[in-house]
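A.B. asks: One file is attached below, structure.txt, containing compact mmCIF, C-alpha atoms.
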# COMPACT_ATOMS: atom_id res chain seq x y z
CA ALA A 12 0.00 0.00 0.00
CA LEU A 13 1.12 3.55 -0.66
CA GLY A 14 2.06 5.22 2.61
CA MET A 15 1.26 8.83 3.41
CA PRO A 16 3.26 11.21 5.62
CA SER A 17 1.93 12.04 9.07
CA ALA A 18 2.16 15.80 8.49
CA PRO A 19 -0.09 17.51 5.92
CA LEU A 20 1.46 18.04 2.51
CA PRO A 21 0.69 20.84 0.05
CA ARG A 22 -2.01 19.87 -2.46
CA THR A 23 0.44 19.59 -5.37
CA SER A 24 2.76 17.27 -3.41
CA LEU A 25 -0.15 15.04 -2.43
CA ALA A 26 -1.23 14.92 -6.06
CA VAL A 27 2.22 13.70 -7.13
CA VAL A 28 2.24 11.02 -4.42
CA VAL A 29 -1.17 9.75 -5.53
CA ALA A 30 -0.19 9.86 -9.20
CA ILE A 31 2.85 7.67 -8.51
CA GLY A 32 0.76 5.24 -6.47
CA LEU A 33 -1.92 5.06 -9.15
CA ALA A 34 0.66 4.41 -11.84
CA LEU A 35 2.18 1.58 -9.81
CA SER A 36 -1.24 0.07 -9.13
CA CYS A 37 -1.84 -0.25 -12.88
CA THR A 38 0.70 -3.03 -13.18
CA ALA A 39 0.02 -4.76 -9.86
CA SER A 40 -2.43 -7.61 -9.55
CA ILE A 41 -5.23 -7.16 -7.07
CA GLY A 42 -4.50 -9.17 -3.95
CA PRO A 43 -6.80 -11.23 -1.75
CA ARG A 44 -9.94 -9.72 -0.28
CA ALA A 45 -9.11 -7.72 2.83
CA ALA A 46 -11.57 -7.10 5.62
CA PRO A 47 -12.78 -3.48 5.56
CA GLU A 48 -13.21 -3.66 9.32
CA GLU A 49 -9.43 -3.68 9.79
CA ALA A 50 -9.20 0.02 8.99
CA THR A 51 -11.78 0.90 11.65
CA LYS A 52 -10.88 -1.70 14.27
CA GLY A 53 -11.70 -0.57 17.78
CA ARG A 54 -14.06 2.21 16.66
CA ARG A 55 -17.75 1.93 17.49
CA ARG A 56 -19.84 1.63 14.36
CA PRO A 57 -22.85 3.94 13.98
CA ARG A 58 -26.29 2.52 14.69
CA ARG A 59 -28.13 1.48 11.52
CA SER A 60 -30.94 3.88 10.84
CA PHE A 61 -32.77 2.38 7.85
CA GLN A 62 -33.33 -0.88 6.02
CA LEU A 63 -31.64 -1.25 2.66
CA ARG A 64 -33.66 -4.27 1.61
CA SER A 65 -36.94 -5.79 2.71
CA ALA A 66 -36.97 -8.41 5.42
CA GLY A 67 -37.49 -11.10 2.80
CA GLY A 68 -34.48 -9.99 0.78
CA GLN A 69 -30.94 -11.30 0.52
CA GLN A 70 -29.54 -12.67 3.77
CA HIS A 71 -25.94 -11.74 2.96
CA PRO A 72 -25.45 -7.96 2.86
CA SER A 73 -22.58 -6.64 0.81
CA ARG A 74 -19.67 -4.51 1.98
CA LEU A 75 -21.59 -1.49 0.70
CA GLU A 76 -24.50 -1.87 3.12
CA PRO A 77 -22.72 -0.67 6.32
CA VAL A 78 -21.27 2.26 4.37
CA ALA A 79 -24.77 3.34 3.29
CA HIS A 80 -26.01 2.99 6.85
CA ALA A 81 -23.14 5.15 8.09
CA PHE A 82 -23.80 7.98 5.61
CA ALA A 83 -27.60 7.95 6.01
CA PRO A 84 -27.80 10.01 9.27
CA CYS A 85 -25.36 12.72 8.13
CA LEU A 86 -28.00 15.23 6.99
CA ARG A 87 -29.46 17.28 9.82
CA ALA A 88 -32.47 19.59 10.19
CA PRO A 89 -32.86 22.59 7.83
CA VAL A 90 -30.65 25.61 8.47
CA PRO A 91 -32.79 28.32 10.21
CA PHE A 92 -31.86 31.20 7.88
CA SER A 93 -31.94 29.01 4.76
CA PRO A 94 -35.02 26.73 4.93
CA LYS A 95 -34.13 24.90 1.72
CA ALA A 96 -30.66 23.99 2.99
CA ARG A 97 -29.77 21.26 5.48
CA ASP A 98 -26.68 21.15 7.66
CA ILE A 99 -24.35 18.13 7.84
CA ASP A 100 -23.29 16.36 11.03
CA LEU A 101 -19.51 16.52 10.70
CA GLU A 102 -18.74 13.85 13.29
CA GLN A 103 -21.08 11.34 11.65
CA LEU A 104 -19.73 12.27 8.23
CA LEU A 105 -16.14 11.61 9.29
CA ARG A 106 -17.10 8.24 10.77
CA ALA A 107 -18.92 7.35 7.56
CA CYS A 108 -15.88 8.41 5.53
CA ASP A 109 -13.73 6.11 7.67
CA ASP A 110 -16.00 3.23 6.66
CA PHE A 111 -15.78 4.22 3.02
CA LEU A 112 -12.00 4.53 3.23
CA ALA A 113 -11.82 0.96 4.54
CA LEU A 114 -13.96 -0.18 1.62
CA GLN A 115 -11.72 1.58 -0.91
CA LEU A 116 -8.61 -0.01 0.56
CA ALA A 117 -10.25 -3.43 0.52
CA MET A 118 -11.12 -3.01 -3.17
CA GLY A 119 -7.44 -2.49 -4.01
CA GLY A 120 -6.22 -1.96 -7.56
CA ALA A 121 -6.92 1.46 -9.02
CA MET A 122 -8.90 2.44 -5.90
CA ALA A 123 -6.01 2.03 -3.44
CA ALA A 124 -3.85 5.05 -4.33
CA PRO A 125 -6.75 7.57 -4.46
CA ALA A 126 -7.88 6.11 -1.11
CA ARG A 127 -4.62 7.32 0.45
CA TYR A 128 -5.38 10.81 -0.83
CA PHE A 129 -8.85 10.46 0.71
CA GLU A 130 -7.24 9.43 4.00
CA ALA A 131 -4.91 12.45 3.99
CA ASN A 132 -7.87 14.77 3.46
CA LEU A 133 -9.70 13.18 6.39
CA ARG A 134 -6.67 13.86 8.57
CA ALA A 135 -6.59 17.48 7.44
CA VAL A 136 -10.26 17.96 8.35
CA ARG A 137 -9.82 16.39 11.77
CA THR A 138 -6.76 18.52 12.47
CA ALA A 139 -8.66 21.70 11.60
CA ARG A 140 -11.71 20.59 13.56
CA ASP A 141 -9.64 19.94 16.67
CA ALA A 142 -7.99 23.34 16.38
CA HIS A 143 -11.29 25.20 16.03
CA ARG A 144 -13.35 23.31 18.57
CA ARG A 145 -11.11 23.97 21.57
CA GLY A 146 -13.24 26.12 23.85
CA ARG A 147 -15.89 26.69 21.16
CA TRP A 148 -18.07 23.59 20.92
CA ALA A 149 -18.94 21.21 23.71
CA GLY A 150 -21.06 18.98 21.50
CA PRO A 151 -20.92 17.64 17.93
CA VAL A 152 -19.64 19.99 15.23
CA THR A 153 -21.56 20.60 12.02
CA MET A 154 -19.89 21.15 8.68
CA ARG A 155 -21.30 24.65 8.31
CA ALA A 156 -20.19 25.70 11.80
CA LEU A 157 -16.61 24.56 11.17
CA LEU A 158 -16.43 26.15 7.72
CA GLU A 159 -17.91 29.44 8.96
CA ALA A 160 -15.43 29.57 11.84
CA GLU A 161 -12.52 28.83 9.52
CA ALA A 162 -13.67 31.47 7.02
CA ALA A 163 -14.15 34.04 9.81
CA SER A 164 -10.53 33.51 10.87
CA GLY A 165 -9.40 34.96 7.52
CA ALA A 166 -7.82 31.70 6.37
CA HIS A 167 -9.24 31.83 2.83
CA GLY A 168 -9.25 34.35 0.02
CA ARG A 169 -12.26 35.64 -1.88
CA GLY A 170 -13.62 33.71 -4.83
CA GLY A 171 -12.99 30.32 -3.24
CA LEU A 172 -9.22 30.61 -2.87
CA LEU A 173 -8.79 28.09 -0.06
CA LYS A 174 -5.89 27.73 2.31
CA ASP A 175 -4.12 24.41 2.01
CA PRO A 176 -4.24 22.44 4.24
CA SER A 177 -7.55 23.41 5.84
CA ALA A 178 -10.91 21.91 6.73
CA ALA A 179 -12.48 23.50 3.65
CA MET A 180 -9.84 22.12 1.28
CA GLY A 181 -10.04 18.66 2.80
CA LEU A 182 -13.84 18.57 2.70
CA LEU A 183 -13.86 19.87 -0.87
CA TRP A 184 -11.72 16.99 -2.13
CA ILE A 185 -13.50 14.41 0.01
CA ARG A 186 -16.75 15.53 -1.62
CA ARG A 187 -15.25 15.28 -5.09
CA SER A 188 -13.96 11.80 -4.37
CA ILE A 189 -17.36 10.61 -3.13
CA ALA A 190 -19.04 12.23 -6.16
CA PHE A 191 -16.65 10.31 -8.43
CA ASN A 192 -17.52 7.03 -6.71
CA ALA A 193 -21.24 7.82 -6.81
CA ALA A 194 -21.05 8.29 -10.58
CA LEU A 195 -18.95 5.13 -10.94
CA PHE A 196 -21.29 2.99 -8.84
CA ALA A 197 -24.44 4.34 -10.51
CA SER A 198 -23.09 3.45 -13.95
CA VAL A 199 -21.90 -0.03 -12.95
CA ALA A 200 -25.21 -0.80 -11.21
CA ALA A 201 -27.12 0.19 -14.36
CA SER A 202 -24.94 -1.87 -16.71
CA ALA A 203 -25.83 -5.23 -18.23
CA LYS A 204 -24.66 -8.39 -16.47
CA ARG A 205 -22.56 -9.49 -19.42
CA ASP A 206 -20.95 -6.08 -19.94
CA ALA A 207 -17.50 -6.99 -18.61
CA ALA A 208 -15.95 -3.63 -19.56
CA ALA A 209 -18.61 -1.56 -17.75
CA PRO A 210 -16.38 -0.57 -14.76
CA ARG A 211 -13.62 0.63 -17.08
CA ARG A 212 -15.95 2.84 -19.09
CA ALA A 213 -17.75 3.98 -15.94
CA CYS A 214 -14.57 5.06 -14.16
CA LEU A 215 -13.45 7.18 -17.12
CA ALA A 216 -16.87 8.83 -17.44
CA ALA A 217 -16.99 9.49 -13.69
CA TYR A 218 -13.46 10.87 -13.76
CA ALA A 219 -14.27 13.22 -16.66
CA LYS A 220 -17.31 14.55 -14.83
CA GLU A 221 -16.16 14.84 -11.21
CA LEU A 222 -12.36 15.07 -11.04
CA GLU A 223 -10.76 15.89 -14.38
CA PRO A 224 -11.87 19.57 -14.41
CA TYR A 225 -9.70 20.12 -11.31
CA HIS A 226 -6.63 18.17 -12.42
CA GLY A 227 -3.65 19.52 -14.30
CA TRP A 228 -2.01 17.83 -17.28
CA THR A 229 0.09 15.35 -15.27
CA LEU A 230 -2.74 14.04 -13.12
CA ARG A 231 -5.10 13.83 -16.10
CA ARG A 232 -2.63 11.69 -18.00
CA VAL A 233 -1.95 9.37 -15.04
CA TYR A 234 -5.61 8.93 -14.11
CA ARG A 235 -6.78 8.34 -17.68
CA LEU A 236 -4.11 5.69 -18.08
CA GLY A 237 -4.28 4.16 -14.62
CA LEU A 238 -7.97 4.03 -13.77
CA PRO A 239 -9.19 1.77 -16.60
CA ARG A 240 -6.14 -0.49 -16.41
CA GLY A 241 -6.65 -0.99 -12.69
CA MET A 242 -10.38 -1.77 -12.93
CA LEU A 243 -11.65 -5.33 -12.74
CA PRO A 244 -14.28 -6.74 -15.13
CA ARG A 245 -17.87 -6.21 -13.98
CA GLN A 246 -18.45 -9.58 -12.31
CA ALA A 247 -15.12 -9.52 -10.47
CA PHE A 248 -15.62 -5.86 -9.49
CA LEU A 249 -19.00 -6.66 -7.94
CA ALA A 250 -17.74 -9.89 -6.35
CA ARG A 251 -15.11 -7.89 -4.47
CA LEU A 252 -17.91 -5.83 -2.91
CA ALA A 253 -20.26 -8.76 -2.29
CA ALA A 254 -20.41 -11.09 0.71
CA SER A 255 -19.44 -13.96 -1.60
CA GLU A 256 -19.07 -14.66 -5.32
CA SER A 257 -22.49 -16.32 -5.59
CA ASP A 258 -24.92 -14.83 -8.08
CA ALA A 259 -27.37 -13.94 -5.29
CA ASP A 260 -24.76 -12.07 -3.27
CA VAL A 261 -23.43 -10.26 -6.33
CA GLN A 262 -26.97 -9.11 -7.11
CA ALA A 263 -27.30 -7.98 -3.49
CA ALA A 264 -24.17 -5.88 -4.00
CA VAL A 265 -25.80 -4.23 -7.01
CA GLU A 266 -28.87 -3.36 -4.91
CA ASP A 267 -26.72 -1.99 -2.11
CA MET A 268 -24.72 0.00 -4.65
CA ARG A 269 -27.92 1.69 -5.83
CA ALA A 270 -28.94 2.32 -2.21
CA LEU A 271 -25.58 3.93 -1.40
CA VAL A 272 -25.85 6.23 -4.42
CA ALA A 273 -29.37 7.17 -3.29
CA VAL A 274 -27.99 8.12 0.15
CA TRP A 275 -25.06 10.05 -1.33
CA THR A 276 -27.09 12.10 -3.83
CA PRO A 277 -28.90 14.48 -1.40
CA LEU A 278 -25.83 14.61 0.85
CA LEU A 279 -23.57 15.72 -1.99
CA ARG A 280 -26.15 18.30 -3.08
CA GLU A 281 -26.26 19.92 0.37
CA TRP A 282 -22.51 19.62 0.74
CA ARG A 283 -21.94 21.59 -2.45
CA ARG A 284 -24.68 24.10 -1.56
CA THR A 285 -22.87 24.87 1.70
CA PHE A 286 -19.58 25.50 -0.10
CA VAL A 287 -21.20 27.75 -2.72
CA GLU A 288 -23.09 29.77 -0.09
CA LEU A 289 -19.89 30.32 1.92
CA ASP A 290 -17.77 31.16 -1.17
CA LEU A 291 -15.52 28.12 -0.65
CA GLU A 292 -15.85 26.36 -4.01
CA ASP A 293 -12.21 26.38 -5.12
CA SER A 294 -12.00 25.47 -8.83
CA ARG A 295 -8.23 25.73 -9.25
CA ARG A 296 -6.39 22.76 -10.77
CA VAL A 297 -3.75 20.69 -9.03
Could you show the structure in this file as structure tokens?

C.D. replies:
Amino acid sequence: ALGMPSAPLPRTSLAVVVAIGLALSCTASIGPRAAPEEATKGRRRPRRSFQLRSAGGQQHPSRLEPVAHAFAPCLRAPVPFSPKARDIDLEQLLRACDDFLALQLAMGGAMAAPARYFEANLRAVRTARDAHRRGRWAGPVTMRALLEAEAASGAHGRGGLLKDPSAAMGLLWIRRSIAFNAALFASVAASAKRDAAAPRRACLAAYAKELEPYHGWTLRRVYRLGLPRGMLPRQAFLARLAASESDADVQAAVEDMRALVAVWTPLLREWRRTFVELDLEDSRRV
């Protein structure tokens, strides 16, 4: 696995590290299935708040099901001064992202190197949260509260010029990474069973939509080469997410994939709305 330094790196340095890792992953075979729980060992898992499938459904939930359950409670009540907007529970979001990080690492291949970038961004958010919450919040922190406090400190420039590292920069790239995976999963779930190349096409389409506009020439070249080469055929891709390689469990993984995308969609919408409202949508390339 590609290691990451303990101290935050500038965005361009992180991009180079991930690019190297992604390039190496293109030529490496995907190893045995790892348990996603290893990355979150010792941490209490959030209580499940909804049922992905009916009681008479598949008895073997996929690796995607606990991730969907973790993200489901992230949206909070509407913001008082903006009735159409909803705030995001930052603590629950970070726990859910830990679960998703474990899933990415377990998938291996082309997903492993970007997962390390995801992990570094999570560390950056937690570092900023800890710095801002000392003496300010006794209870859980919301995303909007942290971003407003960071912006009020003068850390960022106008027009979405974000300080790096910062909570805003970390959350921005975490959101983009989840949006990429949401597009990837939605496309794979909608593909035909015999369409072996579906994940490869889906990852390139998702990359073009969610990440490529913010990547410079080097990262674009590495991702466009590395992502499709590191993607498994459809059946093997789904089997890696399923409880087993049986047809029933693979189909359960498809259903859970759709459920996860359904949970992510409103969350990503509110996440982006918050950034736009606070003038934190940094569109610069790395």

A.B. asks: Give the answer as one residue: which of A:Gly181, A:Gly227, A:Gly165, A:Pro84 has the shortest atom-to-atom distance to Glu102 in chain A, using all atoms listed in the file?

C.D. replies: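 Smallest distance to Glu102 in chain A is found for A:Pro84.
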
A.B. asks: When you draw a straight line from CA of Ala208 in chain A to CA of Ala190 in chain A, how long is it in Å?

C.D. replies: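 Rounded to one decimal, the two atoms are 21.0 Å apart.
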
A.B. asks: Just give me the gap between CA of Lys95 in chain A and CA of Arg284 in chain A in Å, one decimal is fine.

C.D. replies: 10.0 Å

A.B. asks: Show me, as a list in words, the residues that have an atom within 12 Å of Ala201 in chain A when counting all atoms listed in the file, minus same-chain residues fewer than 6 positions from it.

C.D. replies: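 Skipping anything fewer than 6 positions along the chain leaves Ala194, Leu195, Ala209, Pro210, Ala213, Arg245, Gln262, Val265, Glu266, Met268, Arg269 and Val272 of chain A.
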
A.B. asks: Between A:Ser294, A:Thr285, A:Gln103, A:Asn132, which has the minimum distance to Pro89 in chain A (counting all atoms listed in the file)?

C.D. replies: A:Thr285

A.B. asks: Please compute the CA of Ala123 in chain A-CA of Leu158 in chain A distance, one decimal, in Å.

C.D. replies: 28.5 Å

A.B. asks: Box along x, y and z, 3 Å on every side, all listed atoms of range 112-126 of chain A inside: centre and edge lengths in Å to one decimal, as AutoDock Vina command-line options.

C.D. replies:
--center_x -8.9 --center_y 2.1 --center_z -2.2 --size_x 16.1 --size_y 17.0 --size_z 19.6

A.B. asks: Got a sec: who's within 12 Å of Val90 in chain A, counting all atoms listed in the file, leaving out chain neighbours fewer than 4 positions off, as a list in words?

C.D. replies: Leu86, Pro94, Lys95, Ala96, Arg97, Asp98, Ile99, Thr153, Met154, Arg155, Ala156, Glu281, Arg284 and Thr285 of chain A

A.B. asks: Need the neighbours of (-15.1, 15.5, 10.2): which residues are at most 8 Å away, counting all atoms listed in the file, as a VMD selection string?

C.D. replies: chain A and resid 101 to 106 133 136 to 137 140 154

A.B. asks: Would you export the selected residues with C-alpha atoms as an mmCIF file, keeping the file's coordinate frame, please?

C.D. replies:
data_model
loop_
_atom_site.group_PDB
_atom_site.id
_atom_site.type_symbol
_atom_site.label_atom_id
_atom_site.label_comp_id
_atom_site.auth_asym_id
_atom_site.auth_seq_id
_atom_site.Cartn_x
_atom_site.Cartn_y
_atom_site.Cartn_z
ATOM 1 C CA LEU A 101 -19.510 16.520 10.700
ATOM 2 C CA GLU A 102 -18.740 13.850 13.290
ATOM 3 C CA GLN A 103 -21.080 11.340 11.650
ATOM 4 C CA LEU A 104 -19.730 12.270 8.230
ATOM 5 C CA LEU A 105 -16.140 11.610 9.290
ATOM 6 C CA ARG A 106 -17.100 8.240 10.770
ATOM 7 C CA LEU A 133 -9.700 13.180 6.390
ATOM 8 C CA VAL A 136 -10.260 17.960 8.350
ATOM 9 C CA ARG A 137 -9.820 16.390 11.770
ATOM 10 C CA ARG A 140 -11.710 20.590 13.560
ATOM 11 C CA MET A 154 -19.890 21.150 8.680
#

A.B. asks: If we count only C-alpha atoms and set the cut-off at 10 Å, which residues sit around Ser255 in chain A, ignoring sequence neighbours fewer than 3 positions away in its own chain? Please answer as number ranges by chain.

C.D. replies: A: 71-73, 249-252, 258-261, 264

A.B. asks: Do you have, as a Markdown table, the list of residues of range 160-212 of chain A lying at most 10 Å from range 286-289 of chain A, each with its nearest atom pair and that distance in Å to one decimal, counting all atoms listed in the file and ordered by chain then number?

C.D. replies:
| residue | atom | partner | partner_atom | distance |
| --- | --- | --- | --- | --- |
| A:Ala162 | CA | A:Leu289 | CA | 8.1 |
| A:Gly170 | CA | A:Leu289 | CA | 9.8 |
| A:Gly171 | CA | A:Leu289 | CA | 8.6 |
| A:Ala179 | CA | A:Phe286 | CA | 8.3 |
| A:Leu182 | CA | A:Phe286 | CA | 9.4 |
| A:Leu183 | CA | A:Phe286 | CA | 8.1 |

A.B. asks: Would you be able to write out as a ChimeraX atom specification which residues have an atom within 7 Å of (-9.6, 15.6, -8.6) in the file's coordinates, counting all atoms listed in the file?

C.D. replies: /A:184,187,222-223,225-226

A.B. asks: Which is closest to Val233 in chain A among A:Ala135, A:Arg212, A:Leu271, A:Tyr218, if we use only C-alpha atoms?

C.D. replies: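 Closest candidate: A:Tyr218.
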
A.B. asks: Return the single residue from A:Arg235, A:Gln246, A:Glu292, A:Ala219 that is closest to Ala203 in chain A, with distances computed using only C-alpha atoms.

C.D. replies: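 That would be A:Gln246, the residue with the smallest distance to Ala203 in chain A.
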
A.B. asks: Could you tell me which of A:Ala216, A:Met180, A:Ala166, A:Leu278 comes closest to Arg295 in chain A if we count all atoms listed in the file?

C.D. replies: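 Going through A:Ala216, A:Met180, A:Ala166, A:Leu278 one by one, the smallest distance to Arg295 in chain A is for A:Met180.
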
A.B. asks: Rank nothing, just name the residue among A:Ala131, A:Met242, A:Val152, A:Val199 nearest to Cys85 in chain A, using all atoms listed in the file.

C.D. replies: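 Between A:Ala131, A:Met242, A:Val152, A:Val199, the residue approaching Cys85 in chain A most closely is A:Val152.
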